[in-house]
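Asks: You'll find entry.txt just under this line, and it carries compact mmCIF, C-alpha atoms.
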```txt
# COMPACT_ATOMS: atom_id res chain seq x y z
CA MET O 1 -20.28 2.76 1.68
CA THR O 2 -21.46 5.77 3.66
CA ARG O 3 -19.38 8.84 3.05
CA LEU O 4 -18.23 10.42 6.27
CA SER O 5 -18.61 14.12 6.88
CA ARG O 6 -15.46 16.13 7.43
CA ASN O 7 -15.68 16.08 11.24
CA GLN O 8 -16.56 12.36 11.29
CA ARG O 9 -13.43 11.49 9.36
CA GLY O 10 -10.37 10.10 11.04
CA PRO O 11 -7.12 11.93 11.53
CA ARG O 12 -5.14 13.26 8.63
CA TYR O 13 -1.77 11.62 8.83
CA THR O 14 0.10 14.78 8.12
CA GLU O 15 -0.62 18.46 7.93
CA SER O 16 2.65 19.29 6.26
CA VAL O 17 2.17 17.76 2.84
CA PRO O 18 1.20 20.34 0.21
CA GLN O 19 -1.34 19.52 -2.48
CA HIS O 20 0.23 19.47 -5.89
CA THR O 21 -0.09 18.06 -9.34
CA ALA O 22 2.06 14.99 -9.83
CA PRO O 23 4.79 15.29 -12.47
CA SER O 24 3.98 13.37 -15.62
CA ILE O 25 5.72 10.05 -16.20
CA THR O 26 6.47 8.53 -19.57
CA LEU O 27 5.97 4.79 -19.76
CA PRO O 28 7.35 3.51 -23.07
CA PRO O 29 5.57 0.35 -24.25
CA ASP O 30 7.28 -2.85 -23.18
CA PRO O 31 6.65 -5.78 -25.55
CA VAL O 32 6.59 -8.33 -22.72
CA ILE O 33 4.04 -6.35 -20.73
CA GLU O 34 2.00 -5.76 -23.90
CA ALA O 35 1.81 -9.54 -24.32
CA TYR O 36 0.56 -9.95 -20.74
CA LYS O 37 -2.10 -7.26 -21.27
CA LYS O 38 -4.02 -9.51 -23.65
CA ASP O 39 -5.06 -11.71 -20.74
CA ILE O 40 -6.29 -8.92 -18.49
CA ASP O 41 -10.05 -8.87 -17.93
CA ARG O 42 -10.99 -5.27 -18.69
CA THR O 43 -14.61 -5.80 -17.67
CA LEU O 44 -13.47 -6.59 -14.12
CA LEU O 45 -11.38 -3.42 -14.00
CA ARG O 46 -14.25 -1.30 -15.35
CA GLU O 47 -16.34 -2.54 -12.43
CA THR O 48 -13.70 -1.64 -9.84
CA LEU O 49 -13.32 1.80 -11.44
CA LYS O 50 -16.98 2.48 -10.63
CA LEU O 51 -16.11 2.22 -6.92
CA THR O 52 -14.52 4.87 -4.74
CA PRO O 53 -10.98 4.19 -3.45
CA ALA O 54 -12.54 3.57 -0.02
CA GLN O 55 -14.92 0.99 -1.44
CA ARG O 56 -12.07 -0.69 -3.34
CA LEU O 57 -10.00 -1.01 -0.18
CA GLN O 58 -12.98 -2.28 1.79
CA ARG O 59 -13.50 -4.92 -0.89
CA LEU O 60 -9.86 -5.99 -0.60
CA GLN O 61 -10.20 -6.14 3.18
CA ASP O 62 -13.35 -8.27 2.90
CA PHE O 63 -11.59 -10.61 0.49
CA VAL O 64 -8.60 -11.09 2.82
CA GLN O 65 -11.03 -11.76 5.67
CA ASP O 66 -12.95 -14.34 3.63
CA VAL O 67 -9.71 -16.10 2.67
CA ALA O 68 -8.68 -16.23 6.33
CA ILE O 69 -12.03 -17.78 7.28
CA LEU O 70 -11.75 -20.38 4.50
CA ARG O 71 -8.19 -21.25 5.47
CA GLY O 72 -9.26 -21.67 9.08
CA ALA O 73 -12.12 -23.95 8.04
CA ALA O 74 -9.77 -26.01 5.83
CA ARG O 75 -7.29 -26.41 8.72
CA ARG O 76 -10.04 -27.57 11.08
CA LYS O 77 -11.26 -30.08 8.49
CA ALA O 78 -7.75 -31.52 7.94
CA MET K 1 -5.20 -11.89 8.71
CA THR K 2 -4.01 -8.42 7.86
CA SER K 3 -6.27 -5.56 8.93
CA PHE K 4 -5.40 -2.78 6.52
CA GLU K 5 -7.74 -0.53 8.44
CA GLN K 6 -6.00 -1.08 11.77
CA LEU K 7 -2.52 -0.63 10.29
CA LEU K 8 -3.46 2.54 8.40
CA ARG K 9 -5.32 3.91 11.42
CA SER K 10 -2.35 3.26 13.70
CA LEU K 11 -0.02 5.14 11.33
CA ALA K 12 -2.50 7.96 10.77
CA GLU K 13 -3.34 8.49 14.43
CA ALA K 14 0.37 8.76 15.25
CA ARG K 15 0.75 11.23 12.34
CA VAL K 16 3.43 9.15 10.68
CA ASP K 17 4.58 10.50 7.31
CA PHE K 18 4.12 7.58 4.94
CA ILE K 19 3.11 6.74 1.38
CA VAL K 20 1.12 3.65 0.45
CA VAL K 21 2.78 1.69 -2.36
CA GLY K 22 2.53 -1.91 -3.62
CA GLY K 23 -0.62 -3.97 -3.88
CA ILE K 24 -2.77 -1.77 -1.67
CA ALA K 25 -1.89 1.28 -3.78
CA GLY K 26 -2.88 -0.78 -6.83
CA GLY K 27 -6.14 -1.70 -5.11
CA LEU K 28 -6.88 1.93 -4.29
CA HIS K 29 -6.44 2.76 -7.98
CA GLY K 30 -8.79 -0.05 -8.99
CA ALA K 31 -6.66 -3.16 -9.46
CA ALA K 32 -8.67 -6.33 -8.88
CA ARG K 33 -5.66 -8.32 -7.65
CA ALA K 34 -5.59 -9.56 -4.05
CA THR K 35 -2.83 -8.57 -1.68
CA TYR K 36 -2.11 -9.68 1.85
CA ASP K 37 0.21 -7.05 3.25
CA LEU K 38 0.56 -3.30 3.44
CA ASP K 39 3.65 -1.70 1.87
CA VAL K 40 4.55 1.84 2.86
CA VAL K 41 7.47 4.15 2.22
CA TYR K 42 8.18 6.11 5.40
CA ALA K 43 10.10 9.34 6.05
CA ARG K 44 13.45 8.75 7.76
CA ASP K 45 13.70 11.94 9.81
CA THR K 46 14.17 11.45 13.54
CA GLN K 47 10.74 12.72 14.52
CA ASN K 48 8.98 10.47 12.06
CA LEU K 49 10.94 7.43 13.22
CA ALA K 50 9.77 8.15 16.76
CA ARG K 51 6.18 8.45 15.56
CA LEU K 52 6.52 5.18 13.66
CA VAL K 53 7.85 3.38 16.72
CA GLY K 54 4.94 4.74 18.75
CA ALA K 55 2.40 3.81 16.08
CA LEU K 56 3.36 0.17 15.65
CA GLY K 57 4.72 -0.56 19.14
CA PRO K 58 1.32 -1.60 20.55
CA LEU K 59 0.97 -4.07 17.64
CA ASP K 60 4.07 -6.05 18.72
CA PRO K 61 6.03 -5.87 15.46
CA TYR K 62 8.47 -8.68 14.77
CA LEU K 63 10.62 -9.59 11.78
CA ARG K 64 8.48 -11.64 9.43
CA GLY K 65 9.89 -15.11 8.84
CA ALA K 66 12.52 -14.78 11.56
CA PRO K 67 12.89 -17.73 13.92
CA PRO K 68 11.00 -17.27 17.19
CA GLY K 69 13.23 -15.98 19.95
CA LEU K 70 15.50 -13.97 17.68
CA PRO K 71 16.26 -10.76 19.57
CA PHE K 72 14.45 -7.85 17.96
CA ARG K 73 13.93 -4.45 19.56
CA TRP K 74 11.31 -2.19 18.08
CA ASP K 75 12.85 1.22 18.69
CA THR K 76 14.28 4.17 16.80
CA ASP K 77 17.83 2.78 17.02
CA THR K 78 16.71 -0.31 15.11
CA LEU K 79 15.05 1.86 12.48
CA VAL K 80 18.14 4.06 12.16
CA ARG K 81 20.38 1.01 11.67
CA GLY K 82 18.11 -0.56 9.06
CA LEU K 83 16.20 0.71 6.05
CA ASN K 84 13.56 -1.73 4.83
CA PHE K 85 11.72 -3.91 7.32
CA THR K 86 9.32 -6.76 6.58
CA LEU K 87 7.26 -7.09 9.73
CA THR K 88 4.46 -9.14 11.11
CA THR K 89 2.24 -7.51 13.72
CA SER K 90 -0.90 -8.33 15.66
CA ALA K 91 -2.77 -6.45 12.91
CA GLY K 92 -1.06 -8.35 10.11
CA ASP K 93 1.89 -7.94 7.79
CA ILE K 94 3.44 -4.62 6.91
CA ASP K 95 6.54 -3.74 4.88
CA LEU K 96 8.25 -0.52 5.91
CA LEU K 97 10.41 0.81 3.11
CA GLY K 98 12.95 3.55 3.70
CA GLU K 99 13.64 3.58 -0.03
CA VAL K 100 12.06 1.95 -3.00
CA THR K 101 13.72 0.98 -6.29
CA GLY K 102 12.89 3.56 -8.95
CA GLY K 103 11.37 5.93 -6.41
CA GLY K 104 14.04 6.60 -3.83
CA PRO K 105 13.20 7.80 -0.33
CA TYR K 106 9.94 9.34 0.93
CA GLU K 107 10.85 12.89 -0.07
CA HIS K 108 11.57 11.90 -3.69
CA LEU K 109 8.34 9.95 -3.95
CA LEU K 110 6.17 12.65 -2.38
CA PRO K 111 5.55 14.64 -5.61
CA HIS K 112 4.17 11.46 -7.17
CA THR K 113 1.40 10.94 -4.63
CA ILE K 114 -2.26 11.71 -4.17
CA GLU K 115 -4.42 11.95 -1.09
CA VAL K 116 -6.99 9.20 -0.76
CA GLU K 117 -9.58 8.39 1.86
CA ALA K 118 -10.32 4.92 3.12
CA PHE K 119 -11.87 3.71 6.37
CA GLY K 120 -12.44 7.36 7.25
CA ILE K 121 -8.68 7.95 7.16
CA THR K 122 -6.92 10.31 4.78
CA CYS K 123 -3.58 9.00 3.63
CA ARG K 124 -1.20 9.36 0.75
CA SER K 125 -0.83 6.82 -2.05
CA VAL K 126 1.60 6.80 -4.93
CA THR K 127 -0.01 7.75 -8.27
CA LEU K 128 -0.88 5.02 -10.73
CA PRO K 129 1.78 5.99 -13.33
CA LYS K 130 4.44 6.09 -10.62
CA LEU K 131 3.28 2.78 -9.20
CA ILE K 132 3.73 1.26 -12.66
CA ALA K 133 7.17 2.87 -12.94
CA LEU K 134 8.16 1.45 -9.52
CA LYS K 135 7.04 -2.04 -10.44
CA ARG K 136 8.84 -1.83 -13.76
CA ALA K 137 12.00 -0.63 -12.00
CA ALA K 138 11.84 -3.52 -9.52
CA GLY K 139 12.19 -5.87 -12.49
CA ARG K 140 10.63 -8.87 -10.79
CA PRO K 141 9.24 -11.50 -13.20
CA ARG K 142 6.34 -12.22 -10.81
CA ASP K 143 5.19 -8.59 -11.22
CA LEU K 144 4.67 -8.81 -14.98
CA ASP K 145 1.02 -9.74 -14.71
CA ALA K 146 0.40 -7.06 -12.08
CA ILE K 147 2.14 -4.41 -14.23
CA ALA K 148 0.01 -5.40 -17.21
CA GLU K 149 -3.12 -5.03 -15.08
CA LEU K 150 -2.04 -1.59 -13.83
CA GLU K 151 -1.24 -0.42 -17.35
CA VAL K 152 -4.65 -1.58 -18.59
CA LEU K 153 -6.15 0.23 -15.63
CA LEU K 154 -4.36 3.41 -16.68
CA GLU K 155 -5.66 3.01 -20.23
CA GLU K 156 -9.19 2.52 -18.90
CA GLN K 157 -8.92 5.61 -16.70
CA ARG K 158 -7.76 7.68 -19.66
CA ARG K 159 -10.49 6.39 -21.94
CA PRO K 160 -12.74 9.26 -23.05
```
Render the structure in this file as structure tokens.

Replies:
Amino acid sequence: MTRLSRNQRGPRYTESVPQHTAPSITLPPDPVIEAYKKDIDRTLLRETLKLTPAQRLQRLQDFVQDVAILRGAARRKA
Amino acid sequence: MTSFEQLLRSLAEARVDFIVVGGIAGGLHGAARATYDLDVVYARDTQNLARLVGALGPLDPYLRGAPPGLPFRWDTDTLVRGLNFTLTTSAGDIDLLGEVTGGGPYEHLLPHTIEVEAFGITCRSVTLPKLIALKRAAGRPRDLDAIAELEVLLEEQRRP
């Protein structure tokens, strides 16, 4: 994805929000969630982590669009 | 089909104060899970409600799942009387949350956000640890798999 220069970028939604460091959050391990973690495909996540947030969102948008096209095709076929 | 770009652009151009949460926030952080709507926590001050009405008005918002013909007025009075709205619009589905379980209103959530850019728009998303905390607080069984994915994502991000 092409990175936009500062003056090509769209509007900032607010000018009033200060930049800050987020407070830390403690997440104690949950045995149920730990059990679910075993089935998570880490290789898939490592691939998405190589993308920028913009690329990740574009990928989600493309996926939703593809699903809509497939659903439309399935409806026409039925 | 939901156009995340159009929804985010509409909010951004109207300078609505909002925070992206839910599946799209997860996607921005790297989750591979699909999502079909946009969830945002919005500020409840009068000026922001007016901006929100202006932002989504042209997209003909209507209560998602409500029977056709049910009277629904998209104005600040409606927003003042309600809190969380699940809407369908011409740009797709959007959930407007005045408060979120485990996170409270916009102002409480604000310290737990980061600025992100997508589609040439700068907006605010909840941080990954806070997103996990919100999903844990919601306590929905259907979220267990998503929480596990987000926690693995956090581990991967923190890997040296």

Asks: Counting only C-alpha atoms, what is within 10 Å of Arg46 of chain O, bar same-chain residues fewer than 4 positions away, as a ChimeraX atom specification?

Replies: /O:41-42,50-51 /K:30-32,153,156-157

Asks: Please produce a file of the residues just selected, as a PDB file, keeping the file's coordinate frame, where the atoms kept are C-alpha atoms.

Replies:
```
ATOM      1  CA  ASP O  41     -10.050  -8.870 -17.930  1.00  0.00           C
ATOM      2  CA  ARG O  42     -10.990  -5.270 -18.690  1.00  0.00           C
ATOM      3  CA  LYS O  50     -16.980   2.480 -10.630  1.00  0.00           C
ATOM      4  CA  LEU O  51     -16.110   2.220  -6.920  1.00  0.00           C
TER       5      LEU O  51
ATOM      6  CA  GLY K  30      -8.790  -0.050  -8.990  1.00  0.00           C
ATOM      7  CA  ALA K  31      -6.660  -3.160  -9.460  1.00  0.00           C
ATOM      8  CA  ALA K  32      -8.670  -6.330  -8.880  1.00  0.00           C
ATOM      9  CA  LEU K 153      -6.150   0.230 -15.630  1.00  0.00           C
ATOM     10  CA  GLU K 156      -9.190   2.520 -18.900  1.00  0.00           C
ATOM     11  CA  GLN K 157      -8.920   5.610 -16.700  1.00  0.00           C
TER      12      GLN K 157
END
```

Asks: Find the residues around His29 of chain K up to 12 Å (all atoms listed in the file counted), leave out those fewer than 6 positions away in its own chain, and share them as a CSV table (one decimal) with C-alpha atoms, in the frame of the given file.

Replies:
```csv
chain,number,residue,atom,x,y,z
O,45,LEU,CA,-11.4,-3.4,-14.0
O,46,ARG,CA,-14.2,-1.3,-15.4
O,48,THR,CA,-13.7,-1.6,-9.8
O,49,LEU,CA,-13.3,1.8,-11.4
O,50,LYS,CA,-17.0,2.5,-10.6
O,51,LEU,CA,-16.1,2.2,-6.9
O,52,THR,CA,-14.5,4.9,-4.7
O,53,PRO,CA,-11.0,4.2,-3.4
O,54,ALA,CA,-12.5,3.6,0.0
O,55,GLN,CA,-14.9,1.0,-1.4
O,56,ARG,CA,-12.1,-0.7,-3.3
O,57,LEU,CA,-10.0,-1.0,-0.2
O,60,LEU,CA,-9.9,-6.0,-0.6
K,20,VAL,CA,1.1,3.6,0.4
K,21,VAL,CA,2.8,1.7,-2.4
K,22,GLY,CA,2.5,-1.9,-3.6
K,23,GLY,CA,-0.6,-4.0,-3.9
K,113,THR,CA,1.4,10.9,-4.6
K,114,ILE,CA,-2.3,11.7,-4.2
K,115,GLU,CA,-4.4,12.0,-1.1
K,116,VAL,CA,-7.0,9.2,-0.8
K,117,GLU,CA,-9.6,8.4,1.9
K,118,ALA,CA,-10.3,4.9,3.1
K,125,SER,CA,-0.8,6.8,-2.0
K,126,VAL,CA,1.6,6.8,-4.9
K,127,THR,CA,0.0,7.8,-8.3
K,128,LEU,CA,-0.9,5.0,-10.7
K,129,PRO,CA,1.8,6.0,-13.3
K,130,LYS,CA,4.4,6.1,-10.6
K,131,LEU,CA,3.3,2.8,-9.2
K,132,ILE,CA,3.7,1.3,-12.7
K,149,GLU,CA,-3.1,-5.0,-15.1
K,150,LEU,CA,-2.0,-1.6,-13.8
K,151,GLU,CA,-1.2,-0.4,-17.4
K,152,VAL,CA,-4.6,-1.6,-18.6
K,153,LEU,CA,-6.2,0.2,-15.6
K,154,LEU,CA,-4.4,3.4,-16.7
K,156,GLU,CA,-9.2,2.5,-18.9
K,157,GLN,CA,-8.9,5.6,-16.7
```

Asks: Restricting the calculation to all atoms listed in the file, which member of O:Lys37, O:Arg59, O:Lys77, O:Arg71 is positioned closest to Leu144 of chain K?

Replies: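 That would be O:Lys37, the residue with the smallest distance to Leu144 of chain K.
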
Asks: Atom CA of Leu97 of chain K and atom CA of Pro67 of chain K are how many Å apart?

Replies: 21.6 Å

Asks: Kindly determine which residues of chain K lie within 6 Å of chain O, considering all atoms listed in the file, and give the answer as a list in words.

Replies: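 Those within range of chain O come out as Ala12, Glu13, Arg15, Leu28, Gly30, Pro111, His112, Glu117, Ala118, Gly120, Ile121, Thr122 and Ala148 of chain K.
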
Asks: Atom CA of Gly92 of chain K to atom CA of Gly54 of chain K: how many Å, to one decimal?

Replies: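 Computing it gives 16.8 Å between the two atoms.
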
Asks: For atom CA of Ile147 of chain K and atom CA of Lys135 of chain K, determine how far apart the two atoms are, in Å to one decimal place.

Replies: 6.6 Å

Asks: Can you pull out every residue within 9 Å of segment 43-46 of chain K, counting all atoms listed in the file, but drop anything in the same chain fewer than 2 positions away, and send it as a list in words?

Replies: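 Counting all atoms listed in the file, the residues come to Val16, Asp17, Phe18, Ile19, Val41, Asn48, Leu49, Ala50, Arg51, Thr76, Leu79, Val80, Leu83, Gly98, Pro105, Tyr106 and Glu107 of chain K.
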
Asks: Rank K:Val53, K:Ala66, K:Ala138, K:Ala25 by their smallest atom-to-atom distance to Thr78 of chain K, using only C-alpha atoms, and report the top residue only.

Replies: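 Result for the nearest residue to Thr78 of chain K: K:Val53.
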
Asks: Within 7 Å of segment 2-10 of chain K, counting all atoms listed in the file, which residues show up once you throw out same-chain ones fewer than 4 positions away? Write them as a PyMOL selection string, please.

Replies: (chain O and resi 61) or (chain K and resi 14+36-38+55-56+91-93+119+121)
